[in-house]
Amino acid sequence: MSTSVHTSASPTHSSAPKVAPQGGVLEHGNPVHYDLKNPIILFIIQAGIIIIFCRALHYPLSKLRQPRVIAEVIGGILLGPSVMGRIPGFTAAIFPTAAMPNLNLVANIGLTLFLFLVGLEVDLRFLVSNWKIALSVGLAGMALPFGLGCAIAVGLYNHFRHEEGTVPIDFGVYMLFIGVAMAITAFPVLCRILTELKLLMTPVGIIVLSAGVGNDVVGWILLALCVALVNAGTGLTALWVLLTCVGYVLLLVYAIRPAFLYVLRRSRALQDGPSQGIIALTLLIALTSAFFTGIIGVHPIFGAFMAGLICPHEGGFAIKVTEKIEDLISALFLPLYFALSGLNTNLGLLDNGMVWAYVIGVISVAFCAKFIGAALAARANGMLWRECFAIGSLMSCKGLVELIVLNIGLQAKILSTRTFTIFVVMALVTTFATTPLTSFFYPQWYQKKVEAWKRGEIDWDTGNPLGDVPESIQYDKLESQKIKRLMLYLRLDSMPTLLAFASLFGGEPQKHVAKRHPLIEQTSSLGKETEPSESSEGAPKRPIEAYGLRLLNLTDRGSSVMQVSELESYTAHDPVVNTFRTFGRLHNLAVSGEVMVLPESSFADVLTARASGSDFLLLPWSETGGMSEQAIIEDKGTKNKLTATSYVSFVNSAFEQSMCTTAVLVNKNFGGSKNKKRKGEGIRLRRTYSSVSISSNRDKVTAPIADRSHHIFFPFFGGDDDRAALRLILQLAEHPDVTATLVHFEVPDEFLEQAESSHITRSASKTGQTTVVTATTNSREQDSAFFASLRASVPAELASRVVFENAASTSPVKDVIARASIEVSQNPKNAGDLIVLGRNISRKKLQTAGASSDEIGSTSSAATTLGLLAEKVWEAKLGASVLVVKAGAKE
């Protein structure tokens with residue numbers, strides 16, 4: 001012993017003590033060398049590689065509509081022994097065995113917090129409101145795969161039970177675990193797939209979501225039971241563990257949750273959102289719950305999941321908590337955890353025919369049992385077969401929940417590495433197949449057919465509309481073609497303009513008798529016979545129905561998905577929708593509003609689908625230069641509004657898909673909504689009474705609009721779009737503050753020779769060019785007759801505010817701009833003028849008049865969406881808003 005001490009105290013030259021270089025790489029230190037006292041360097045390298053791999057893989061997979069978990073697991077498999085591990089020295093350098101506990105610790109902290117988010121995301125109200133069909137689909141979707149999983153567990157137990165890395169356990173426990181692994185459904189991934197496929201609020205989505213909630217809760221309970229049985233030394237210990245769990249759940253529900261709600265109400269966290277202290281308290285409850293379930297022999301994630309379940313959804317509290325913590329968990333912690341699953345997966349162990357037979361068998365049982373059970377249960381509830389197949393495909397999704405279950409089985413040594421790899425392959429295949437199968441069984445065209453059939457609009461077998469559709473339009477029935485149902489796309493940046501424009505549909509304000517105090521009214525009415533009210537002259541007109549739809553962008557965040565489940569609360573309390581409701585009712589409109597959360601790519605589809613029952617759809621042009629509604633601080637990027645490529649594409653899609661008359665309003669001080677900064681005015685320091693108040697806006701008061709009038713200029717060339725625009729103007733002109741100048745520009749035949757080309761080509765493809773010319777001539781005659789008939793039959797009350805004119809023109813674009821510059825500059829202090837234009841995209845000659853080839857070459861340009869005339873009028877800076885109208889399919 002003394003010799004050893006002497007030897008260590010007197011080192012030789014060859015065994016001189018080595019101190020870690022303090023200069024790091026500057027002193028030739030190796031950053032990938034694992035240092036037990038400073039493990040963060042290698043951890044950062046590991047995390048960076050994993051995140052980069054996962055993000056790089058997710059990009060191509062996202063084009064196939066695959067969830068991010070697929071990329072994270074495949075990234076881990078590539079980094080593991082299956083691919084990168086075969087490179088000599090890679091695993092020893094980047095993922096050494098000594099460094100794995102640190103990576104595993106951080107990943108499991110992230111997993112615990114993620115299960116807390118899953119608990120927050122599970123809204124039991126879905127289960128309660130749809131309990132009957134959710135119970136049947138969820139029960140059948142779990143019972144059949146659980147039973148078949150127990151059957152295949154016999155073979156798995158006999159072939160792989162004694163491999164290295166497992167502990168001896170009873171077949172009953174093993175069978176329970178395999179059954180749970182087969183029966184569970186990935187609820188979080190399911191939500192994202194439903195939103196990606198635009199199915200979240202359809203009957204299929206609601207059923208799957210309701211059944212998924214119950215499936216998720218039951219699956220976690222069974223898994224907790226399985227882990228308790230594995231960790232318990234005896235059956236009596238397992239019984240005590242289960243009883244303790246039951247008691248703890250009751251404590252959470254009946255003691256901790258009420259106390260937590262009391263604290264939230266006292267601190268106004270439900271109304272005003274959680275403060276940093278409330279977030280700390282919430283996380284402390286989650287971690288404490290995870291600690292308790294961990295020390296009694298159940299995995300900590302179950303405690304975190306239960307803590308999430310007891311958090312209230314009132315006032316969007318669960319969503320706001322999720323928003324605070326989800327990005328760090330999803331961007332950093334979860335990729336580490338699922339990459340660890342890939343690192344533990346070794347595809348090289350699938351090395352013989354029997355193993356591959358079990359791979360195919362496990363995949364077949366996991367998918368077919370779920371698919372058949374859920375589909376038959378949905379059919380028993382009266383769903384169509386395609387809807388049933390879509391429900392079966394969605395319920396077979398395993399996703400990240402399955403991987404969590406498998407990792408618990410691997411850590412508990414229930415599964416060997418080979419069995420773990422078999423089940424990871426199954427999870428990847430079933431999750432990957434969910435989206436394409438659902439899209440195949442339940443495509444968009446079928447969804448629209450089902451919706452139209454349920455509304456009684458079409459015959460199911462033939463698909464033909466029910467009822468007669470008029471073949472010709474009678475121009476003398478203008479009153480019957482007025483807009484009675486109006487739909488607006490509510491955008492936060494365009495609300496002033498939208499409200500000002502919508503108010504014009506209210507018509508002339510109602511005249512009311514001055515109100516009298518109720519006591520005076522009651523006294524004066526005693527002894528007097530009831531007299532007719534002065535305000536009851538004539539029968540009251542039915543107000544126009546105005547429906548406002550606000551669309552919020554659905555991101556890949558969990559909180560964004562959670563918003564969809566609480567749309568009723570958002571609709572009831574959204575300030576934009578409520579402002580529209582109040583303003584509309586004050587201006588003689590029958591209003592309703594709604595909020596929807598969906599991907600930006602679906603905005604046009606949803607707007608046009610919701611507008612199918614309306615007569616008119618109004619889209620405001622973006623004030624922010626894109627799809628975002630966020631307020632702009634600097635206006636420099638939005639000087640030329642029509643260059644917003646993303647918004648141009650959105651408007652073009654809406655135009656092409658809409659079945660009703662659609663208009664786009666490009667705002668220029670309509671309603672006096674623009675607050676322009678005076679020239680030379682900037683932020684400058686002035687002498688003030690307070691060192692805090694550098695400048696004040698109190699002296700920048702905007703006076704009320706003295707002249708509330710609007711003047712409309714409309715150049716009429718003919719065609720469906722111009723006829724629809726003319727009807728719209730005459731309806732707006734019923735408002736006493738609106739005047740209009742309607743000019744019929746008579747242009748040479750060559751400008752309009754292709755006016756009906758797309759329609760006439762179909763109808764005259766067998767008759768030749770002569771029919772085309774005749775149809776164009778007839779169309780011009782109809783347009784002239786239509787304009788003349790309206791001019792002759794304009795009501796007397798409109799004759800003083802609406803002027804009809806005819807003008808010949810050989811340069812339509814120049815002449816329209818010249819005339820518009822005169823019309824809209826008559827009264828610069830009014831509430832804003834308006835230039836209305838028909839879209840007229842099909843009139844090729846009119847669209848290319850005076851334009852170079854590069855001006856109309858881009859498919860995303862404003863000219864190809866709004867028309868060249870609209871683009872030129874806007875670029876002329878005439879000081880008026882521009883409204884571009886496209887006729888509906890019924891025009």
# chains A, B, ... in the order shown; residues from 1 in each chain; ligands from 1
call {"tool": "residues_around", "arguments": {"residues": "A:Asn381", "least_positions_apart": "6", "cutoff": "12 Å", "atoms": "only C-alpha atoms", "output": "count of residues only"}}
result
14
call {"tool": "residues_around", "arguments": {"residues": "A:Pro258", "least_positions_apart": "6", "cutoff": "12 Å", "atoms": "only C-alpha atoms", "output": "PyMOL selection string"}}
result
chain A and resi 250-252+264-265+310-312
call {"tool": "write_last_selection", "arguments": {"atoms": "N, CA and C atoms", "output": "CSV table (one decimal), in the first residue's frame"}}
result
chain,number,residue,atom,x,y,z
A,250,LEU,N,-57.2,10.4,-7.9
A,250,LEU,CA,-58.3,11.0,-7.2
A,250,LEU,C,-57.9,12.3,-6.5
A,251,LEU,N,-56.7,12.2,-6.0
A,251,LEU,CA,-56.1,13.4,-5.3
A,251,LEU,C,-55.9,14.6,-6.3
A,252,LEU,N,-55.4,14.2,-7.5
A,252,LEU,CA,-55.2,15.2,-8.5
A,252,LEU,C,-56.6,15.9,-8.9
A,264,LEU,N,-55.5,30.2,-10.0
A,264,LEU,CA,-55.6,30.8,-11.3
A,264,LEU,C,-56.7,31.9,-11.4
A,265,ARG,N,-57.8,31.7,-10.7
A,265,ARG,CA,-58.8,32.7,-10.7
A,265,ARG,C,-58.4,33.9,-9.9
A,310,ILE,N,-55.3,17.7,-15.9
A,310,ILE,CA,-56.1,18.5,-14.9
A,310,ILE,C,-56.0,20.0,-15.1
A,311,CYS,N,-55.2,20.4,-16.0
A,311,CYS,CA,-55.1,21.8,-16.3
A,311,CYS,C,-56.3,22.3,-17.1
A,312,PRO,N,-56.9,23.4,-16.7
A,312,PRO,CA,-58.2,23.9,-17.3
A,312,PRO,C,-58.0,24.4,-18.7
call {"tool": "residues_around", "arguments": {"residues": "A:Glu451", "least_positions_apart": "6", "cutoff": "12 Å", "atoms": "only C-alpha atoms", "output": "PyMOL selection string"}}
result
chain A and resi 202-203+444-445+457-460+463+609-610+612
call {"tool": "residues_around", "arguments": {"residues": "A:Ile74", "least_positions_apart": "6", "cutoff": "9 Å", "atoms": "only C-alpha atoms", "output": "JSON, numbers by chain"}}
result
{"A": [54, 57, 338, 339, 342, 428]}
call {"tool": "select_by_dssp", "arguments": {"residues": "stretch 140-333 of chain A", "states": "helix (DSSP H, G or I)", "output": "ChimeraX atom specification"}}
result
/A:140-160,171-183,187-196,203-231,235-266,269-272,276-295,300-309,314-333
call {"tool": "write_last_selection", "arguments": {"atoms": "C-alpha atoms", "output": "short mmCIF file (atom, residue, chain, number, x, y, z; two decimals), in the first residue's frame"}}
result
data_model
loop_
_atom_site.label_atom_id
_atom_site.label_comp_id
_atom_site.auth_asym_id
_atom_site.auth_seq_id
_atom_site.Cartn_x
_atom_site.Cartn_y
_atom_site.Cartn_z
CA ALA A 140 -63.45 -1.63 -31.55
CA GLY A 141 -60.24 0.09 -32.63
CA MET A 142 -58.51 -1.14 -29.46
CA ALA A 143 -60.14 -4.51 -28.78
CA LEU A 144 -59.36 -6.17 -32.11
CA PRO A 145 -55.67 -5.13 -32.33
CA PHE A 146 -55.23 -5.87 -28.62
CA GLY A 147 -56.60 -9.39 -29.10
CA LEU A 148 -54.53 -10.12 -32.22
CA GLY A 149 -51.51 -8.55 -30.50
CA CYS A 150 -51.92 -11.01 -27.64
CA ALA A 151 -52.02 -13.82 -30.22
CA ILE A 152 -48.81 -12.79 -32.00
CA ALA A 153 -47.18 -12.22 -28.60
CA VAL A 154 -47.02 -16.03 -28.21
CA GLY A 155 -44.59 -16.33 -31.11
CA LEU A 156 -42.61 -13.24 -30.15
CA TYR A 157 -42.27 -14.50 -26.56
CA ASN A 158 -41.00 -17.92 -27.64
CA HIS A 159 -38.54 -16.65 -30.26
CA PHE A 160 -37.09 -13.45 -28.74
CA PHE A 171 -45.94 -14.27 -20.38
CA GLY A 172 -49.03 -12.43 -19.12
CA VAL A 173 -47.10 -9.20 -18.60
CA TYR A 174 -45.34 -9.60 -21.95
CA MET A 175 -48.67 -10.24 -23.66
CA LEU A 176 -50.19 -7.14 -22.03
CA PHE A 177 -47.32 -4.97 -23.28
CA ILE A 178 -47.51 -6.30 -26.87
CA GLY A 179 -51.28 -5.82 -26.86
CA VAL A 180 -50.92 -2.21 -25.74
CA ALA A 181 -48.23 -1.58 -28.37
CA MET A 182 -50.61 -2.87 -31.05
CA ALA A 183 -53.71 -1.07 -29.80
CA PHE A 187 -53.22 11.26 -30.70
CA PRO A 188 -50.78 14.23 -31.13
CA VAL A 189 -49.68 13.08 -34.60
CA LEU A 190 -53.30 12.34 -35.46
CA CYS A 191 -54.26 15.96 -34.80
CA ARG A 192 -51.54 17.20 -37.11
CA ILE A 193 -52.48 14.82 -39.92
CA LEU A 194 -56.13 15.83 -39.65
CA THR A 195 -55.27 19.51 -39.87
CA GLU A 196 -52.89 18.94 -42.76
CA PRO A 203 -67.49 14.29 -39.43
CA VAL A 204 -64.48 12.03 -40.03
CA GLY A 205 -62.16 14.35 -38.10
CA ILE A 206 -64.51 14.80 -35.16
CA ILE A 207 -65.06 11.03 -34.83
CA VAL A 208 -61.35 10.22 -35.07
CA LEU A 209 -60.47 12.97 -32.60
CA SER A 210 -63.10 11.82 -30.10
CA ALA A 211 -62.10 8.16 -30.40
CA GLY A 212 -58.41 9.12 -30.28
CA VAL A 213 -58.85 10.92 -26.95
CA GLY A 214 -60.40 7.86 -25.33
CA ASN A 215 -57.88 5.56 -27.00
CA ASP A 216 -55.00 7.67 -25.73
CA VAL A 217 -56.21 7.77 -22.12
CA VAL A 218 -56.99 4.03 -21.98
CA GLY A 219 -53.70 3.18 -23.66
CA TRP A 220 -51.65 5.14 -21.11
CA ILE A 221 -53.55 3.51 -18.24
CA LEU A 222 -52.85 0.02 -19.62
CA LEU A 223 -49.21 0.90 -20.18
CA ALA A 224 -48.93 2.20 -16.62
CA LEU A 225 -50.39 -1.10 -15.44
CA CYS A 226 -47.88 -3.04 -17.52
CA VAL A 227 -44.89 -1.03 -16.21
CA ALA A 228 -46.15 -1.41 -12.63
CA LEU A 229 -46.35 -5.18 -13.07
CA VAL A 230 -42.83 -5.31 -14.50
CA ASN A 231 -41.28 -3.14 -11.77
CA GLY A 235 -48.13 -9.51 -7.11
CA LEU A 236 -48.96 -7.85 -3.80
CA THR A 237 -46.54 -5.01 -4.57
CA ALA A 238 -48.16 -4.54 -7.98
CA LEU A 239 -51.55 -4.31 -6.30
CA TRP A 240 -50.28 -1.63 -3.93
CA VAL A 241 -48.78 0.30 -6.86
CA LEU A 242 -52.09 0.26 -8.71
CA LEU A 243 -54.07 1.31 -5.64
CA THR A 244 -51.61 4.13 -5.01
CA CYS A 245 -52.03 5.27 -8.62
CA VAL A 246 -55.80 5.29 -8.27
CA GLY A 247 -55.55 7.27 -5.04
CA TYR A 248 -53.16 9.73 -6.63
CA VAL A 249 -55.47 10.28 -9.60
CA LEU A 250 -58.35 11.01 -7.20
CA LEU A 251 -56.10 13.42 -5.31
CA LEU A 252 -55.23 15.24 -8.53
CA VAL A 253 -58.84 15.52 -9.66
CA TYR A 254 -60.58 16.37 -6.38
CA ALA A 255 -57.92 18.24 -4.41
CA ILE A 256 -55.05 19.59 -6.51
CA ARG A 257 -57.16 20.68 -9.51
CA PRO A 258 -59.67 22.73 -7.44
CA ALA A 259 -56.81 24.37 -5.54
CA PHE A 260 -55.00 25.11 -8.79
CA LEU A 261 -58.17 26.62 -10.28
CA TYR A 262 -58.59 28.77 -7.18
CA VAL A 263 -55.05 30.14 -7.61
CA LEU A 264 -55.62 30.78 -11.32
CA ARG A 265 -58.83 32.68 -10.69
CA ARG A 266 -57.33 34.75 -7.87
CA ALA A 269 -54.48 33.87 -15.10
CA LEU A 270 -57.59 32.47 -16.79
CA GLN A 271 -58.62 35.92 -17.99
CA ASP A 272 -55.29 37.65 -18.61
CA GLN A 276 -44.15 33.79 -15.31
CA GLY A 277 -44.99 32.79 -11.75
CA ILE A 278 -48.04 30.78 -12.90
CA ILE A 279 -45.94 29.06 -15.58
CA ALA A 280 -43.41 28.13 -12.88
CA LEU A 281 -46.19 26.79 -10.66
CA THR A 282 -47.68 24.77 -13.52
CA LEU A 283 -44.31 23.22 -14.42
CA LEU A 284 -43.69 22.48 -10.75
CA ILE A 285 -46.99 20.58 -10.57
CA ALA A 286 -46.01 18.62 -13.68
CA LEU A 287 -42.53 17.74 -12.40
CA THR A 288 -43.83 16.88 -8.92
CA SER A 289 -46.46 14.63 -10.42
CA ALA A 290 -43.82 12.96 -12.59
CA PHE A 291 -41.60 12.53 -9.51
CA PHE A 292 -44.39 10.85 -7.55
CA THR A 293 -45.33 8.34 -10.26
CA GLY A 294 -41.64 7.64 -10.77
CA ILE A 295 -40.90 6.77 -7.14
CA PRO A 300 -42.57 9.57 -14.61
CA ILE A 301 -44.27 10.40 -17.90
CA PHE A 302 -47.62 9.18 -16.54
CA GLY A 303 -47.53 11.72 -13.76
CA ALA A 304 -46.71 14.48 -16.23
CA PHE A 305 -49.55 13.34 -18.49
CA MET A 306 -52.05 13.41 -15.60
CA ALA A 307 -50.84 16.88 -14.61
CA GLY A 308 -51.62 18.06 -18.13
CA LEU A 309 -55.08 16.52 -18.00
CA GLU A 314 -61.12 27.80 -19.73
CA GLY A 315 -60.07 31.07 -21.29
CA GLY A 316 -57.55 29.26 -23.48
CA PHE A 317 -55.28 28.63 -20.45
CA ALA A 318 -54.02 25.28 -21.78
CA ILE A 319 -53.21 26.87 -25.13
CA LYS A 320 -51.35 29.77 -23.55
CA VAL A 321 -49.27 27.45 -21.35
CA THR A 322 -48.43 25.35 -24.39
CA GLU A 323 -47.35 28.45 -26.33
CA LYS A 324 -44.85 29.33 -23.58
CA ILE A 325 -42.91 26.07 -23.58
CA GLU A 326 -43.64 24.09 -26.74
CA ASP A 327 -40.96 25.50 -29.06
CA LEU A 328 -38.01 24.51 -26.91
CA ILE A 329 -39.46 21.04 -26.36
CA SER A 330 -40.35 20.42 -30.01
CA ALA A 331 -37.19 21.94 -31.49
CA LEU A 332 -34.60 20.55 -29.07
CA PHE A 333 -35.79 17.91 -26.60
#
call {"tool": "closest_residue", "arguments": {"among": "A:Gly888, A:Gly584, A:Gly85, A:Pro67", "to": "A:Asp615", "atoms": "only C-alpha atoms"}}
result
A:Gly888
call {"tool": "closest_residue", "arguments": {"among": "A:Val83, A:Ala740, A:Ala663, A:Ala644", "to": "A:Ala725", "atoms": "only C-alpha atoms"}}
result
A:Ala663
call {"tool": "residues_around", "arguments": {"residues": "stretch 26-39 of chain A", "least_positions_apart": "5", "cutoff": "12 Å", "atoms": "only C-alpha atoms", "output": "mmCIF file with N, CA and C atoms, in the first residue's frame"}}
result
data_model
loop_
_atom_site.group_PDB
_atom_site.id
_atom_site.type_symbol
_atom_site.label_atom_id
_atom_site.label_comp_id
_atom_site.auth_asym_id
_atom_site.auth_seq_id
_atom_site.Cartn_x
_atom_site.Cartn_y
_atom_site.Cartn_z
ATOM 1 N N VAL A 19 -3.083 17.861 -17.341
ATOM 2 C CA VAL A 19 -4.173 18.767 -16.984
ATOM 3 C C VAL A 19 -4.921 19.150 -18.262
ATOM 4 N N ALA A 20 -6.247 19.186 -18.197
ATOM 5 C CA ALA A 20 -7.048 19.561 -19.366
ATOM 6 C C ALA A 20 -6.643 20.931 -19.867
ATOM 7 N N PRO A 21 -6.385 21.079 -21.152
ATOM 8 C CA PRO A 21 -5.962 22.385 -21.684
ATOM 9 C C PRO A 21 -7.034 23.434 -21.458
ATOM 10 N N ILE A 44 -23.378 19.403 -27.021
ATOM 11 C CA ILE A 44 -23.761 20.392 -28.037
ATOM 12 C C ILE A 44 -23.515 19.831 -29.436
ATOM 13 N N ILE A 45 -22.394 19.132 -29.607
ATOM 14 C CA ILE A 45 -22.098 18.524 -30.907
ATOM 15 C C ILE A 45 -23.160 17.487 -31.257
ATOM 16 N N GLN A 46 -23.502 16.634 -30.280
ATOM 17 C CA GLN A 46 -24.520 15.610 -30.523
ATOM 18 C C GLN A 46 -25.874 16.240 -30.870
ATOM 19 N N GLY A 89 -15.090 4.335 -36.138
ATOM 20 C CA GLY A 89 -14.791 5.406 -35.197
ATOM 21 C C GLY A 89 -15.883 6.432 -35.036
ATOM 22 N N PHE A 90 -16.945 6.394 -35.847
ATOM 23 C CA PHE A 90 -17.987 7.430 -35.746
ATOM 24 C C PHE A 90 -18.726 7.344 -34.419
ATOM 25 N N THR A 91 -19.231 6.184 -34.087
ATOM 26 C CA THR A 91 -19.990 6.031 -32.841
ATOM 27 C C THR A 91 -19.115 6.290 -31.630
ATOM 28 N N ALA A 92 -17.873 5.791 -31.637
ATOM 29 C CA ALA A 92 -16.979 5.989 -30.492
ATOM 30 C C ALA A 92 -16.634 7.453 -30.292
ATOM 31 N N ALA A 93 -16.610 8.228 -31.372
ATOM 32 C CA ALA A 93 -16.238 9.631 -31.264
ATOM 33 C C ALA A 93 -17.435 10.523 -30.934
ATOM 34 N N ILE A 94 -18.558 10.315 -31.606
ATOM 35 C CA ILE A 94 -19.705 11.215 -31.464
ATOM 36 C C ILE A 94 -20.693 10.717 -30.410
ATOM 37 N N PHE A 95 -20.939 9.426 -30.368
ATOM 38 C CA PHE A 95 -21.891 8.864 -29.410
ATOM 39 C C PHE A 95 -21.225 7.783 -28.561
ATOM 40 N N PRO A 96 -20.201 8.158 -27.798
ATOM 41 C CA PRO A 96 -19.544 7.143 -26.957
ATOM 42 C C PRO A 96 -20.483 6.668 -25.850
ATOM 43 N N THR A 97 -20.244 5.467 -25.386
ATOM 44 C CA THR A 97 -21.113 4.877 -24.360
ATOM 45 C C THR A 97 -21.109 5.715 -23.082
ATOM 46 N N ALA A 98 -19.971 6.289 -22.721
ATOM 47 C CA ALA A 98 -19.890 7.075 -21.485
ATOM 48 C C ALA A 98 -20.722 8.343 -21.543
ATOM 49 N N ALA A 99 -20.954 8.873 -22.757
ATOM 50 C CA ALA A 99 -21.695 10.134 -22.889
ATOM 51 C C ALA A 99 -23.193 9.933 -23.053
ATOM 52 N N MET A 100 -23.640 8.705 -23.278
ATOM 53 C CA MET A 100 -25.053 8.476 -23.533
ATOM 54 C C MET A 100 -25.947 8.785 -22.337
ATOM 55 N N PRO A 101 -25.519 8.567 -21.076
ATOM 56 C CA PRO A 101 -26.415 8.928 -19.958
ATOM 57 C C PRO A 101 -26.806 10.401 -19.949
ATOM 58 N N ASN A 102 -25.895 11.295 -20.309
ATOM 59 C CA ASN A 102 -26.238 12.718 -20.340
ATOM 60 C C ASN A 102 -27.279 13.011 -21.427
ATOM 61 N N LEU A 103 -27.072 12.445 -22.613
ATOM 62 C CA LEU A 103 -28.023 12.633 -23.699
ATOM 63 C C LEU A 103 -29.372 12.029 -23.336
#
call {"tool": "closest_residue", "arguments": {"among": "A:Leu61, A:Ile52, A:Ala808, A:Leu837", "to": "A:Phe432", "atoms": "only C-alpha atoms"}}
result
A:Leu61
call {"tool": "residues_around", "arguments": {"residues": "A:Asn830", "least_positions_apart": "2", "cutoff": "7 Å", "atoms": "only C-alpha atoms", "output": "PDB file with C-alpha atoms, in the first residue's frame"}}
result
ATOM      1  CA  ASP A 707     -68.688  64.620 -46.113  1.00  0.00           C
ATOM      2  CA  ARG A 708     -69.479  60.888 -45.876  1.00  0.00           C
ATOM      3  CA  SER A 709     -70.154  60.488 -49.573  1.00  0.00           C
ATOM      4  CA  HIS A 710     -68.506  58.010 -51.950  1.00  0.00           C
ATOM      5  CA  ASN A 827     -64.367  65.805 -54.050  1.00  0.00           C
ATOM      6  CA  PRO A 828     -61.029  64.939 -52.390  1.00  0.00           C
ATOM      7  CA  GLY A 832     -63.201  57.855 -50.308  1.00  0.00           C
TER       8      GLY A 832
END
call {"tool": "decode", "arguments": {"residues": "stretch 385-390 of chain A", "atoms": "all heavy atoms", "output": "PDB file, in the first residue's frame"}}
result
ATOM      1  N   TRP A 385     -69.007   4.211 -46.630  1.00  0.00           N
ATOM      2  CA  TRP A 385     -67.865   3.297 -46.638  1.00  0.00           C
ATOM      3  C   TRP A 385     -66.531   4.038 -46.779  1.00  0.00           C
ATOM      4  O   TRP A 385     -65.558   3.698 -46.119  1.00  0.00           O
ATOM      5  CB  TRP A 385     -68.016   2.278 -47.775  1.00  0.00           C
ATOM      6  CG  TRP A 385     -68.830   1.075 -47.391  1.00  0.00           C
ATOM      7  CD1 TRP A 385     -70.012   0.672 -47.930  1.00  0.00           C
ATOM      8  CD2 TRP A 385     -68.513   0.110 -46.369  1.00  0.00           C
ATOM      9  NE1 TRP A 385     -70.467  -0.470 -47.309  1.00  0.00           N
ATOM     10  CE2 TRP A 385     -69.556  -0.843 -46.350  1.00  0.00           C
ATOM     11  CE3 TRP A 385     -67.471  -0.028 -45.468  1.00  0.00           C
ATOM     12  CZ2 TRP A 385     -69.590  -1.925 -45.476  1.00  0.00           C
ATOM     13  CZ3 TRP A 385     -67.490  -1.109 -44.586  1.00  0.00           C
ATOM     14  CH2 TRP A 385     -68.530  -2.044 -44.586  1.00  0.00           C
ATOM     15  N   ARG A 386     -66.479   5.019 -47.651  1.00  0.00           N
ATOM     16  CA  ARG A 386     -65.225   5.765 -47.807  1.00  0.00           C
ATOM     17  C   ARG A 386     -64.863   6.504 -46.517  1.00  0.00           C
ATOM     18  O   ARG A 386     -63.694   6.597 -46.154  1.00  0.00           O
ATOM     19  CB  ARG A 386     -65.326   6.765 -48.965  1.00  0.00           C
ATOM     20  CG  ARG A 386     -64.997   6.161 -50.329  1.00  0.00           C
ATOM     21  CD  ARG A 386     -65.042   7.240 -51.404  1.00  0.00           C
ATOM     22  NE  ARG A 386     -64.595   6.741 -52.689  1.00  0.00           N
ATOM     23  CZ  ARG A 386     -63.350   6.834 -53.154  1.00  0.00           C
ATOM     24  NH1 ARG A 386     -62.428   7.410 -52.404  1.00  0.00           N
ATOM     25  NH2 ARG A 386     -63.017   6.370 -54.339  1.00  0.00           N
ATOM     26  N   GLU A 387     -65.856   7.042 -45.832  1.00  0.00           N
ATOM     27  CA  GLU A 387     -65.597   7.674 -44.540  1.00  0.00           C
ATOM     28  C   GLU A 387     -65.086   6.650 -43.540  1.00  0.00           C
ATOM     29  O   GLU A 387     -64.174   6.937 -42.747  1.00  0.00           O
ATOM     30  CB  GLU A 387     -66.877   8.336 -44.023  1.00  0.00           C
ATOM     31  CG  GLU A 387     -67.338   9.526 -44.853  1.00  0.00           C
ATOM     32  CD  GLU A 387     -68.636  10.123 -44.346  1.00  0.00           C
ATOM     33  OE1 GLU A 387     -69.504   9.347 -43.893  1.00  0.00           O
ATOM     34  OE2 GLU A 387     -68.785  11.357 -44.398  1.00  0.00           O
ATOM     35  N   CYS A 388     -65.658   5.445 -43.562  1.00  0.00           N
ATOM     36  CA  CYS A 388     -65.204   4.386 -42.651  1.00  0.00           C
ATOM     37  C   CYS A 388     -63.756   4.005 -42.926  1.00  0.00           C
ATOM     38  O   CYS A 388     -62.967   3.812 -41.991  1.00  0.00           O
ATOM     39  CB  CYS A 388     -66.111   3.159 -42.795  1.00  0.00           C
ATOM     40  SG  CYS A 388     -67.824   3.442 -42.352  1.00  0.00           S
ATOM     41  N   PHE A 389     -63.401   3.883 -44.212  1.00  0.00           N
ATOM     42  CA  PHE A 389     -62.028   3.515 -44.555  1.00  0.00           C
ATOM     43  C   PHE A 389     -61.051   4.624 -44.143  1.00  0.00           C
ATOM     44  O   PHE A 389     -59.922   4.341 -43.711  1.00  0.00           O
ATOM     45  CB  PHE A 389     -61.913   3.247 -46.054  1.00  0.00           C
ATOM     46  CG  PHE A 389     -62.689   2.039 -46.511  1.00  0.00           C
ATOM     47  CD1 PHE A 389     -63.142   1.930 -47.812  1.00  0.00           C
ATOM     48  CD2 PHE A 389     -62.974   1.014 -45.626  1.00  0.00           C
ATOM     49  CE1 PHE A 389     -63.859   0.825 -48.233  1.00  0.00           C
ATOM     50  CE2 PHE A 389     -63.694  -0.104 -46.030  1.00  0.00           C
ATOM     51  CZ  PHE A 389     -64.136  -0.204 -47.335  1.00  0.00           C
ATOM     52  N   ALA A 390     -61.471   5.883 -44.283  1.00  0.00           N
ATOM     53  CA  ALA A 390     -60.611   6.984 -43.841  1.00  0.00           C
ATOM     54  C   ALA A 390     -60.421   6.938 -42.327  1.00  0.00           C
ATOM     55  O   ALA A 390     -59.304   7.150 -41.823  1.00  0.00           O
ATOM     56  CB  ALA A 390     -61.225   8.327 -44.258  1.00  0.00           C
TER      57      ALA A 390
END
